[in-house]
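Structure file target-v7.csv (CSV, C-alpha atoms) follows.
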```csv
chain,number,residue,atom,x,y,z
A,1337,MET,CA,99.9,113.9,87.3
A,1338,THR,CA,99.4,114.6,83.6
A,1339,LYS,CA,102.3,112.3,82.8
A,1340,LEU,CA,100.9,109.5,84.9
A,1341,THR,CA,97.5,109.9,83.2
A,1342,GLU,CA,99.1,109.6,79.8
A,1343,LYS,CA,101.3,106.6,80.7
A,1344,ILE,CA,98.3,104.6,81.8
A,1345,ARG,CA,95.5,104.7,79.2
A,1346,ASN,CA,92.5,102.4,79.3
A,1347,GLY,CA,94.2,100.6,82.2
A,1348,ILE,CA,97.2,99.7,80.0
A,1349,ASP,CA,100.7,100.9,80.8
A,1350,SER,CA,101.8,102.2,77.4
A,1351,GLU,CA,105.5,102.1,78.4
A,1352,GLN,CA,105.2,98.4,79.3
A,1353,MET,CA,103.2,97.9,76.0
A,1354,TYR,CA,105.9,99.4,73.8
A,1355,GLY,CA,108.6,97.7,75.9
A,1356,THR,CA,106.9,94.3,75.1
A,1357,LEU,CA,106.6,95.1,71.4
A,1358,ASP,CA,110.2,96.2,71.2
A,1359,ALA,CA,111.5,93.1,73.1
A,1360,ILE,CA,109.6,90.7,70.7
A,1361,ALA,CA,110.7,92.7,67.6
A,1362,ALA,CA,114.3,92.4,68.8
A,1363,ASP,CA,114.0,88.6,69.5
A,1364,PRO,CA,111.0,87.1,67.6
A,1365,SER,CA,111.4,83.8,69.5
A,1366,LEU,CA,109.8,85.6,72.5
A,1367,GLY,CA,106.6,85.7,70.5
A,1368,ARG,CA,106.0,82.0,70.8
A,1369,PHE,CA,103.3,81.1,73.3
A,1370,GLN,CA,101.6,77.8,74.3
A,1371,PHE,CA,98.3,78.1,76.2
A,1372,ARG,CA,97.0,75.1,78.0
A,1373,VAL,CA,93.8,73.8,79.6
A,1374,SER,CA,93.2,70.7,81.7
A,1375,ASN,CA,89.6,69.4,81.9
A,1376,ALA,CA,88.0,66.6,83.9
A,1377,TRP,CA,84.6,65.2,83.5
A,1378,ILE,CA,82.4,65.3,86.7
A,1379,ASP,CA,79.0,63.8,85.6
A,1380,GLY,CA,76.6,64.1,82.7
A,1381,ALA,CA,77.2,67.4,81.0
A,1382,HIS,CA,79.2,68.8,83.9
A,1383,ASN,CA,82.9,69.1,83.4
A,1384,ARG,CA,85.6,71.5,84.8
A,1385,SER,CA,88.6,73.2,83.2
A,1386,THR,CA,91.7,74.2,85.2
A,1387,ILE,CA,93.9,76.8,83.7
A,1388,GLN,CA,97.2,77.9,85.1
A,1389,ARG,CA,100.6,77.4,83.4
A,1390,PHE,CA,101.6,78.6,80.0
A,1391,TYR,CA,104.7,79.0,77.9
A,1392,GLY,CA,105.5,82.5,76.6
A,1393,ALA,CA,108.1,85.2,76.2
A,1394,GLY,CA,110.9,82.6,76.3
A,1395,ARG,CA,110.0,80.8,79.5
A,1396,GLU,CA,107.6,78.6,81.3
A,1397,ASP,CA,105.3,81.0,83.2
A,1398,ASP,CA,104.9,80.3,86.9
A,1399,SER,CA,103.4,83.6,87.9
A,1400,ARG,CA,99.9,82.3,88.7
A,1401,GLU,CA,99.7,81.0,92.2
A,1402,GLN,CA,96.2,79.6,91.8
A,1403,PRO,CA,94.5,78.1,88.7
A,1404,PHE,CA,91.5,79.6,87.1
A,1405,VAL,CA,88.6,77.2,87.2
A,1406,ILE,CA,85.7,77.2,84.7
A,1407,ASP,CA,82.7,74.8,85.0
A,1408,ALA,CA,80.7,73.7,82.0
A,1409,GLY,CA,77.2,72.4,81.8
A,1410,GLU,CA,74.1,72.3,79.7
A,1411,PRO,CA,70.5,73.4,80.4
A,1412,ALA,CA,67.8,70.8,81.0
A,1413,VAL,CA,66.6,71.0,77.4
A,1414,LEU,CA,70.1,69.9,76.3
A,1415,LEU,CA,70.2,67.1,78.9
A,1416,GLY,CA,72.2,68.8,81.6
A,1417,THR,CA,71.6,70.3,85.0
A,1418,ASP,CA,72.9,73.9,84.3
A,1419,THR,CA,76.2,73.5,86.1
A,1420,GLY,CA,77.8,76.2,84.0
A,1421,ALA,CA,77.7,78.0,80.7
A,1422,ASN,CA,77.5,75.5,77.9
A,1423,PRO,CA,80.5,75.1,75.6
A,1424,ALA,CA,79.0,77.1,72.7
A,1425,GLU,CA,78.3,80.0,75.2
A,1426,ALA,CA,81.9,79.6,76.6
A,1427,LEU,CA,83.2,80.0,73.0
A,1428,LEU,CA,81.1,83.3,72.6
A,1429,HIS,CA,82.7,84.5,75.9
A,1430,ALA,CA,86.2,83.8,74.5
A,1431,LEU,CA,85.3,85.8,71.3
A,1432,ALA,CA,83.8,88.7,73.3
A,1433,ALA,CA,86.7,88.8,75.7
A,1434,CYS,CA,89.3,88.7,73.0
A,1435,LEU,CA,87.7,91.4,70.8
A,1436,THR,CA,87.2,93.6,73.9
A,1437,THR,CA,90.8,93.3,75.1
A,1438,THR,CA,92.1,93.9,71.6
A,1439,ILE,CA,89.9,97.0,71.3
A,1440,VAL,CA,91.4,98.3,74.6
A,1441,TYR,CA,95.0,97.6,73.4
A,1442,VAL,CA,94.5,99.1,70.0
A,1443,ALA,CA,92.9,102.2,71.5
A,1444,ALA,CA,95.7,102.6,74.0
A,1445,ALA,CA,98.3,102.4,71.2
A,1446,ARG,CA,96.3,105.0,69.2
A,1447,GLY,CA,95.9,107.4,72.1
A,1448,VAL,CA,92.1,106.9,72.3
A,1449,ARG,CA,90.7,107.0,75.8
A,1450,LEU,CA,87.7,104.7,76.1
A,1451,THR,CA,85.1,105.0,78.8
A,1452,LYS,CA,82.7,102.1,77.9
A,1453,ILE,CA,82.8,98.9,75.9
A,1454,GLU,CA,79.8,96.6,76.0
A,1455,SER,CA,79.0,93.8,73.6
A,1456,SER,CA,76.2,91.4,72.9
A,1457,LEU,CA,76.9,88.2,70.9
A,1458,GLU,CA,74.5,85.8,69.2
A,1459,GLY,CA,75.5,82.5,67.8
A,1460,GLU,CA,73.0,80.6,65.6
A,1461,MET,CA,73.0,76.8,65.6
A,1462,ASP,CA,70.7,74.1,64.4
A,1463,VAL,CA,71.3,71.2,66.8
A,1464,GLN,CA,70.1,68.7,64.2
A,1465,GLY,CA,73.7,68.8,63.1
A,1466,CYS,CA,75.5,68.0,66.4
A,1467,LEU,CA,72.7,65.5,67.4
A,1468,GLY,CA,73.4,63.6,64.1
A,1469,LEU,CA,69.8,64.1,62.9
A,1470,ASP,CA,70.7,65.8,59.6
A,1471,GLU,CA,74.0,65.3,57.8
A,1472,GLU,CA,73.5,68.5,55.7
A,1473,ILE,CA,73.6,70.7,58.8
A,1474,ARG,CA,76.9,71.7,60.4
A,1475,ASN,CA,77.6,70.9,64.0
A,1476,GLY,CA,78.7,74.3,65.1
A,1477,PHE,CA,77.5,77.9,64.7
A,1478,GLU,CA,76.2,78.8,61.2
A,1479,ARG,CA,77.1,82.4,62.0
A,1480,VAL,CA,77.9,84.7,64.9
A,1481,HIS,CA,76.9,88.3,65.2
A,1482,VAL,CA,78.6,90.8,67.6
A,1483,HIS,CA,77.2,94.2,68.5
A,1484,PHE,CA,79.6,96.6,70.2
A,1485,ARG,CA,78.6,99.8,72.1
A,1486,LEU,CA,81.6,102.1,72.6
A,1487,GLU,CA,82.1,105.4,74.3
A,1488,GLY,CA,85.3,107.4,74.5
A,1489,ASP,CA,87.1,110.6,73.9
A,1490,ALA,CA,87.3,110.3,70.1
A,1491,PRO,CA,85.0,110.9,67.1
A,1492,GLU,CA,82.6,108.2,66.2
A,1493,ASP,CA,84.7,107.3,63.0
A,1494,LYS,CA,87.8,106.9,65.1
A,1495,LEU,CA,86.0,104.5,67.5
A,1496,ARG,CA,84.8,102.5,64.6
A,1497,GLU,CA,88.3,102.3,63.2
A,1498,VAL,CA,89.5,101.0,66.5
A,1499,VAL,CA,86.9,98.2,66.4
A,1500,ALA,CA,87.8,97.3,62.8
A,1501,ARG,CA,91.5,97.2,63.6
A,1502,ALA,CA,90.7,95.0,66.6
A,1503,CYS,CA,88.8,92.5,64.4
A,1504,ASP,CA,91.9,92.4,62.1
A,1505,ARG,CA,94.1,91.5,65.1
A,1506,SER,CA,92.0,89.5,67.5
A,1507,ALA,CA,93.3,85.9,68.1
A,1508,VAL,CA,89.9,84.4,68.8
A,1509,TYR,CA,88.2,86.2,66.0
A,1510,ASP,CA,90.8,84.6,63.7
A,1511,ILE,CA,90.3,81.2,65.3
A,1512,VAL,CA,86.5,81.4,64.9
A,1513,SER,CA,86.5,82.9,61.4
A,1514,ASN,CA,89.2,80.7,59.9
A,1515,PRO,CA,90.2,77.0,60.2
A,1516,VAL,CA,92.6,75.9,62.9
A,1517,PRO,CA,94.0,72.3,62.6
A,1518,VAL,CA,93.0,70.3,65.7
A,1519,THR,CA,94.7,67.0,66.4
A,1520,VAL,CA,93.3,64.5,69.0
A,1521,ASP,CA,95.0,61.5,70.6
A,1522,VAL,CA,93.5,59.1,73.1
A,1523,THR,CA,94.8,56.9,75.9
A,1524,ALA,CA,92.1,54.5,76.7
A,1525,GLY,CA,91.8,51.5,78.9
B,283,MET,CA,67.4,49.0,90.5
B,284,THR,CA,68.8,47.5,87.4
B,285,LYS,CA,66.3,49.4,85.3
B,286,LEU,CA,67.3,52.7,87.1
B,287,THR,CA,71.0,52.0,86.5
B,288,GLU,CA,70.3,51.4,82.8
B,289,LYS,CA,68.1,54.5,82.4
B,290,ILE,CA,70.8,56.8,83.7
B,291,ARG,CA,74.1,56.2,82.1
B,292,ASN,CA,77.1,58.6,82.4
B,293,GLY,CA,74.7,60.9,84.2
B,294,ILE,CA,72.5,61.1,81.1
B,295,ASP,CA,68.9,60.1,81.2
B,296,SER,CA,68.6,57.9,78.1
B,297,GLU,CA,64.8,58.2,78.0
B,298,GLN,CA,65.0,61.9,78.0
B,299,MET,CA,67.8,61.8,75.4
B,300,TYR,CA,65.7,59.7,73.0
B,301,GLY,CA,62.7,61.8,73.7
B,302,THR,CA,64.6,64.9,72.7
B,303,LEU,CA,65.9,63.3,69.5
B,304,ASP,CA,62.4,62.1,68.6
B,305,ALA,CA,60.8,65.5,69.3
B,306,ILE,CA,63.3,67.3,67.0
B,307,ALA,CA,63.1,64.6,64.3
B,308,ALA,CA,59.3,65.1,64.3
B,309,ASP,CA,59.5,68.9,64.3
B,310,PRO,CA,62.9,70.1,62.9
B,311,SER,CA,62.2,73.7,63.9
B,312,LEU,CA,62.8,72.7,67.5
B,313,GLY,CA,66.5,72.2,66.5
B,314,ARG,CA,67.1,76.0,66.1
B,315,PHE,CA,69.1,77.5,68.9
B,316,GLN,CA,70.5,80.9,69.5
B,317,PHE,CA,73.1,81.2,72.3
B,318,ARG,CA,74.0,84.6,73.7
B,319,VAL,CA,76.7,86.3,75.7
B,320,SER,CA,76.8,89.9,77.1
B,321,ASN,CA,80.2,91.3,77.9
B,322,ALA,CA,81.3,94.5,79.7
B,323,TRP,CA,84.8,96.0,79.9
B,324,ILE,CA,86.0,96.7,83.4
B,325,ASP,CA,89.6,97.9,83.0
B,326,GLY,CA,92.7,97.1,81.0
B,327,ALA,CA,92.5,93.4,80.0
B,328,HIS,CA,89.7,92.7,82.5
B,329,ASN,CA,86.2,92.2,81.1
B,330,ARG,CA,83.3,90.1,82.2
B,331,SER,CA,80.7,88.0,80.3
B,332,THR,CA,77.2,87.4,81.6
B,333,ILE,CA,75.4,84.4,80.2
B,334,GLN,CA,71.8,83.5,80.9
B,335,ARG,CA,69.0,83.5,78.2
B,336,PHE,CA,69.0,81.5,75.0
B,337,TYR,CA,66.4,80.5,72.4
B,338,GLY,CA,65.9,76.9,71.7
B,339,ALA,CA,63.5,74.0,71.3
B,340,GLY,CA,60.9,76.5,70.0
B,341,ARG,CA,60.9,79.0,72.8
B,342,GLU,CA,62.8,81.6,74.7
B,343,ASP,CA,64.4,79.8,77.6
B,344,ASP,CA,63.9,81.4,81.0
B,345,SER,CA,64.9,78.5,83.2
B,346,ARG,CA,68.1,80.0,84.5
B,347,GLU,CA,67.4,82.1,87.5
B,348,GLN,CA,70.9,83.4,87.8
B,349,PRO,CA,73.4,84.2,85.0
B,350,PHE,CA,76.7,82.5,84.7
B,351,VAL,CA,79.5,85.0,85.0
B,352,ILE,CA,83.0,84.5,83.5
B,353,ASP,CA,85.8,87.0,84.0
B,354,ALA,CA,88.6,87.4,81.4
B,355,GLY,CA,92.1,88.8,81.9
B,356,GLU,CA,95.7,88.5,80.7
B,357,PRO,CA,98.9,87.6,82.7
B,358,ALA,CA,101.4,90.4,83.3
B,359,VAL,CA,103.5,89.4,80.4
B,360,LEU,CA,100.5,90.2,78.1
B,361,LEU,CA,99.8,93.5,79.9
B,362,GLY,CA,97.1,92.4,82.2
B,363,THR,CA,96.7,91.7,85.9
B,364,ASP,CA,95.5,88.1,85.7
B,365,THR,CA,91.8,88.8,86.4
B,366,GLY,CA,90.8,85.5,84.7
B,367,ALA,CA,91.8,83.0,82.1
B,368,ASN,CA,92.7,84.8,78.9
B,369,PRO,CA,90.5,84.6,75.8
B,370,ALA,CA,92.7,82.0,74.1
B,371,GLU,CA,92.5,79.8,77.2
B,372,ALA,CA,88.8,80.4,77.4
B,373,LEU,CA,88.5,79.1,73.9
B,374,LEU,CA,90.5,75.9,74.8
B,375,HIS,CA,88.1,75.5,77.7
B,376,ALA,CA,85.1,75.7,75.3
B,377,LEU,CA,86.7,73.1,73.1
B,378,ALA,CA,87.6,70.7,76.0
B,379,ALA,CA,84.1,71.1,77.5
B,380,CYS,CA,82.3,70.4,74.2
B,381,LEU,CA,84.4,67.4,73.3
B,382,THR,CA,84.0,66.0,76.8
B,383,THR,CA,80.2,66.4,76.8
B,384,THR,CA,79.9,65.0,73.3
B,385,ILE,CA,81.9,62.0,74.4
B,386,VAL,CA,79.5,61.5,77.4
B,387,TYR,CA,76.4,61.7,75.1
B,388,VAL,CA,77.8,59.5,72.4
B,389,ALA,CA,78.9,56.9,75.0
B,390,ALA,CA,75.4,57.0,76.6
B,391,ALA,CA,73.7,56.5,73.3
B,392,ARG,CA,76.0,53.5,72.5
B,393,GLY,CA,75.6,51.9,75.9
B,394,VAL,CA,79.2,52.5,77.0
B,395,ARG,CA,79.6,53.3,80.7
B,396,LEU,CA,82.5,55.7,81.3
B,397,THR,CA,84.3,56.1,84.6
B,398,LYS,CA,86.9,58.8,83.7
B,399,ILE,CA,87.4,61.4,81.0
B,400,GLU,CA,90.4,63.8,81.4
B,401,SER,CA,91.9,66.0,78.8
B,402,SER,CA,94.9,68.3,78.3
B,403,LEU,CA,94.8,70.8,75.5
B,404,GLU,CA,97.6,72.9,74.0
B,405,GLY,CA,97.2,75.8,71.7
B,406,GLU,CA,100.3,77.1,69.8
B,407,MET,CA,100.4,80.8,69.0
B,408,ASP,CA,103.0,83.3,67.9
B,409,VAL,CA,101.9,86.6,69.3
B,410,GLN,CA,103.8,88.5,66.6
B,411,GLY,CA,100.6,88.0,64.6
B,412,CYS,CA,98.1,89.5,66.9
B,413,LEU,CA,100.5,92.2,68.0
B,414,GLY,CA,100.9,93.3,64.4
B,415,LEU,CA,104.6,92.7,64.3
B,416,ASP,CA,104.6,90.2,61.4
B,417,GLU,CA,101.9,90.2,58.7
B,418,GLU,CA,102.9,86.6,57.7
B,419,ILE,CA,101.9,85.2,61.1
B,420,ARG,CA,98.2,84.5,61.8
B,421,ASN,CA,96.6,86.1,64.9
B,422,GLY,CA,95.1,82.9,66.4
B,423,PHE,CA,96.3,79.4,67.1
B,424,GLU,CA,98.5,77.8,64.5
B,425,ARG,CA,97.3,74.4,65.8
B,426,VAL,CA,95.6,72.9,68.8
B,427,HIS,CA,96.4,69.5,70.2
B,428,VAL,CA,94.0,67.6,72.5
B,429,HIS,CA,95.0,64.5,74.6
B,430,PHE,CA,92.2,62.5,76.1
B,431,ARG,CA,92.5,59.8,78.8
B,432,LEU,CA,89.4,57.6,79.0
B,433,GLU,CA,88.4,54.8,81.2
B,434,GLY,CA,85.2,52.8,81.0
B,435,ASP,CA,83.5,49.5,80.7
B,436,ALA,CA,84.3,48.9,77.1
B,437,PRO,CA,87.3,47.6,75.1
B,438,GLU,CA,90.0,50.2,74.1
B,439,ASP,CA,88.8,50.2,70.5
B,440,LYS,CA,85.3,51.0,71.5
B,441,LEU,CA,86.4,53.9,73.7
B,442,ARG,CA,88.5,55.2,70.8
B,443,GLU,CA,85.5,55.0,68.5
B,444,VAL,CA,83.5,57.0,70.9
B,445,VAL,CA,86.1,59.8,70.9
B,446,ALA,CA,86.3,59.7,67.1
B,447,ARG,CA,82.5,60.0,66.8
B,448,ALA,CA,82.5,62.9,69.3
B,449,CYS,CA,85.0,64.8,67.2
B,450,ASP,CA,82.6,64.2,64.2
B,451,ARG,CA,79.7,65.7,66.2
B,452,SER,CA,81.2,68.4,68.5
B,453,ALA,CA,79.9,71.9,67.9
B,454,VAL,CA,83.0,73.7,69.1
B,455,TYR,CA,85.4,71.3,67.4
B,456,ASP,CA,83.6,72.2,64.2
B,457,ILE,CA,83.7,76.0,65.0
B,458,VAL,CA,87.5,75.8,65.7
B,459,SER,CA,88.3,73.5,62.8
B,460,ASN,CA,86.2,75.2,60.1
B,461,PRO,CA,85.3,78.8,59.3
B,462,VAL,CA,82.3,80.5,60.9
B,463,PRO,CA,81.1,83.8,59.5
B,464,VAL,CA,81.3,86.5,62.1
B,465,THR,CA,79.7,89.9,61.6
B,466,VAL,CA,80.4,92.9,63.8
B,467,ASP,CA,78.4,96.2,64.1
B,468,VAL,CA,79.2,99.1,66.3
B,469,THR,CA,77.2,101.9,68.1
B,470,ALA,CA,79.8,104.5,68.9
B,471,GLY,CA,79.5,107.9,70.5
```

Before anything else, please render the file you have as structure tokens.
Amino acid sequence: MTKLTEKIRNGIDSEQMYGTLDAIAADPSLGRFQFRVSNAWIDGAHNRSTIQRFYGAGREDDSREQPFVIDAGEPAVLLGTDTGANPAEALLHALAACLTTTIVYVAAARGVRLTKIESSLEGEMDVQGCLGLDEEIRNGFERVHVHFRLEGDAPEDKLREVVARACDRSAVYDIVSNPVPVTVDVTAG
Amino acid sequence: MTKLTEKIRNGIDSEQMYGTLDAIAADPSLGRFQFRVSNAWIDGAHNRSTIQRFYGAGREDDSREQPFVIDAGEPAVLLGTDTGANPAEALLHALAACLTTTIVYVAAARGVRLTKIESSLEGEMDVQGCLGLDEEIRNGFERVHVHFRLEGDAPEDKLREVVARACDRSAVYDIVSNPVPVTVDVTAG
């Protein structure tokens, strides 16, 4: 039983984790991933994303039998009918989720057993930017603040180190903090 | 009936839209918004965001009676059990949703009636970065490509203009394309 407990830490199978790392280290082409989303407008501020296939680990993944579906909306004050979290809130979800999962993986790799991770995120925006009312104001968040509350079987300093390392490794933290080139093409008619 | 048809375009009430713009132009402090997400770890790569309250238009909003809930996960190849779209996919959803809603609003303002907006997004990532296997590779997307398919009662050039203007105004397009300062603090114990 002790062995089983050690093998699975924070819900992560450490043998599988090291197996994955070893496989990619041996064949770096396995590290290439392409994630995809399809979205369709429904009405007003209501649109819906469908998420299923991706490419990664050297193959087109077909393991998901059903797509994930996420609806977007806006509250009344932003001209919608609250059909889902708005896009800025969805972005904060992506950031929270990525940092949390990265904390879990880093802790598993470092032998830290976690018992709680909670976070609260706040994104500050002046909508004069995206509404085109003031050219001096950016469209997106001016800043984002994340507060984590962690508990686990490790000293406070060690838990803080895990969060710091997770920030250094999180994909979405990088995407939000640093520029990503986005290209857009249009078929119209 | 003609008046009603003109008042509501693309599901957006144009009188309400111009009323909102006028109100913020008259009192720019109404443009300040703070969006928020709370997230809790469940197990492994499974965590869950809860989204309800925000501050905006000069007040704490309490119009949402129930929170929106979004689960995150990872597929097996990334050590999860597919409990939800992964964080990188959730970020692409946020981008798709924001561009789509911005297209709808821009079109409504310009008198363009849209009948279809569909999009496909692809984000390219080499996970050697976020896995810590290669310091030269970034953690997040190297690039994102968005393909839009639009139909509406306007010439092709006009539809393309609407998309271009939406890219110039989208909050999440700005957040992904440009740096946003992110601060993180931790309560650990």

Counting all atoms listed in the file, which residues of segment 302-389 of chain B sit at most 10 Å from some atom of segment 448-466 of chain B, and what is each one's closest atom pair with its distance in Å to one decimal, listed by chain and rising residue number, as a tab-separated table?
```
residue	atom	partner	partner_atom	distance
B:Leu373	CA	B:Val458	CA	8.9
B:Leu374	CA	B:Val458	CA	9.6
B:Ala376	CA	B:Val454	CA	6.8
B:Leu377	CA	B:Val454	CA	5.5
B:Ala378	CA	B:Val454	CA	8.8
B:Ala379	CA	B:Val454	CA	8.9
B:Cys380	CA	B:Val454	CA	6.1
B:Leu381	CA	B:Ser452	CA	5.9
B:Thr382	CA	B:Ala448	CA	8.3
B:Thr383	CA	B:Ala448	CA	8.6
B:Thr384	CA	B:Ala448	CA	5.2
B:Ile385	CA	B:Ala448	CA	5.2
B:Val386	CA	B:Ala448	CA	8.8
B:Tyr387	CA	B:Ala448	CA	8.5
B:Val388	CA	B:Ala448	CA	6.6
B:Ala389	CA	B:Ala448	CA	9.0
```

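Atom CA of Gln316 of chain B is found 20.7 Å from atom CA of His1382 of chain A.
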
Set the distance at 9 Å and use all atoms listed in the file: which residues neighbour segment 1361-1366 of chain A once local chain neighbours fewer than 4 positions away are removed? I'd like the list as a CSV table (one decimal) with C-alpha atoms, in the frame of the given file.
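selection-v5.csv written:
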```csv
chain,number,residue,atom,x,y,z
A,1356,THR,CA,106.9,94.3,75.1
A,1357,LEU,CA,106.6,95.1,71.4
A,1392,GLY,CA,105.5,82.5,76.6
A,1393,ALA,CA,108.1,85.2,76.2
A,1394,GLY,CA,110.9,82.6,76.3
A,1395,ARG,CA,110.0,80.8,79.5
B,408,ASP,CA,103.0,83.3,67.9
B,409,VAL,CA,101.9,86.6,69.3
B,410,GLN,CA,103.8,88.5,66.6
B,415,LEU,CA,104.6,92.7,64.3
```

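You can rank A:Ile1378, A:Ile1473, A:Ala1426, A:Leu1414 by their closest distance to chain B using only C-alpha atoms, and at the top of that list sits A:Ala1426.
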
Shell around Lys440 of chain B at 10 Å using all atoms listed in the file, local window under 6 positions removed, as a CSV table (one decimal) with C-alpha atoms, in the coordinates of the input:
```csv
chain,number,residue,atom,x,y,z
A,1524,ALA,CA,92.1,54.5,76.7
A,1525,GLY,CA,91.8,51.5,78.9
B,389,ALA,CA,78.9,56.9,75.0
B,392,ARG,CA,76.0,53.5,72.5
B,394,VAL,CA,79.2,52.5,77.0
B,434,GLY,CA,85.2,52.8,81.0
B,446,ALA,CA,86.3,59.7,67.1
```

Could you name the residues that touch segment 427-430 of chain B at 6 Å or less, counting only C-alpha atoms, but leaving out those on the same chain fewer than 2 positions away, as a list of chain:residue names?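 Residues meeting the cut-off are A:Val1518, A:Thr1519, A:Val1520, A:Asp1521, A:Val1522, B:Glu400, B:Ser401, B:Ser402, B:Leu403, B:Glu404.
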
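Between atom CA of Ala436 of chain B and atom CA of Cys1466 of chain A the interatomic distance comes to 23.6 Å.
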
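For the pair atom CA of Arg1368 of chain A and atom CA of Pro357 of chain B, the interatomic distance is 14.9 Å.
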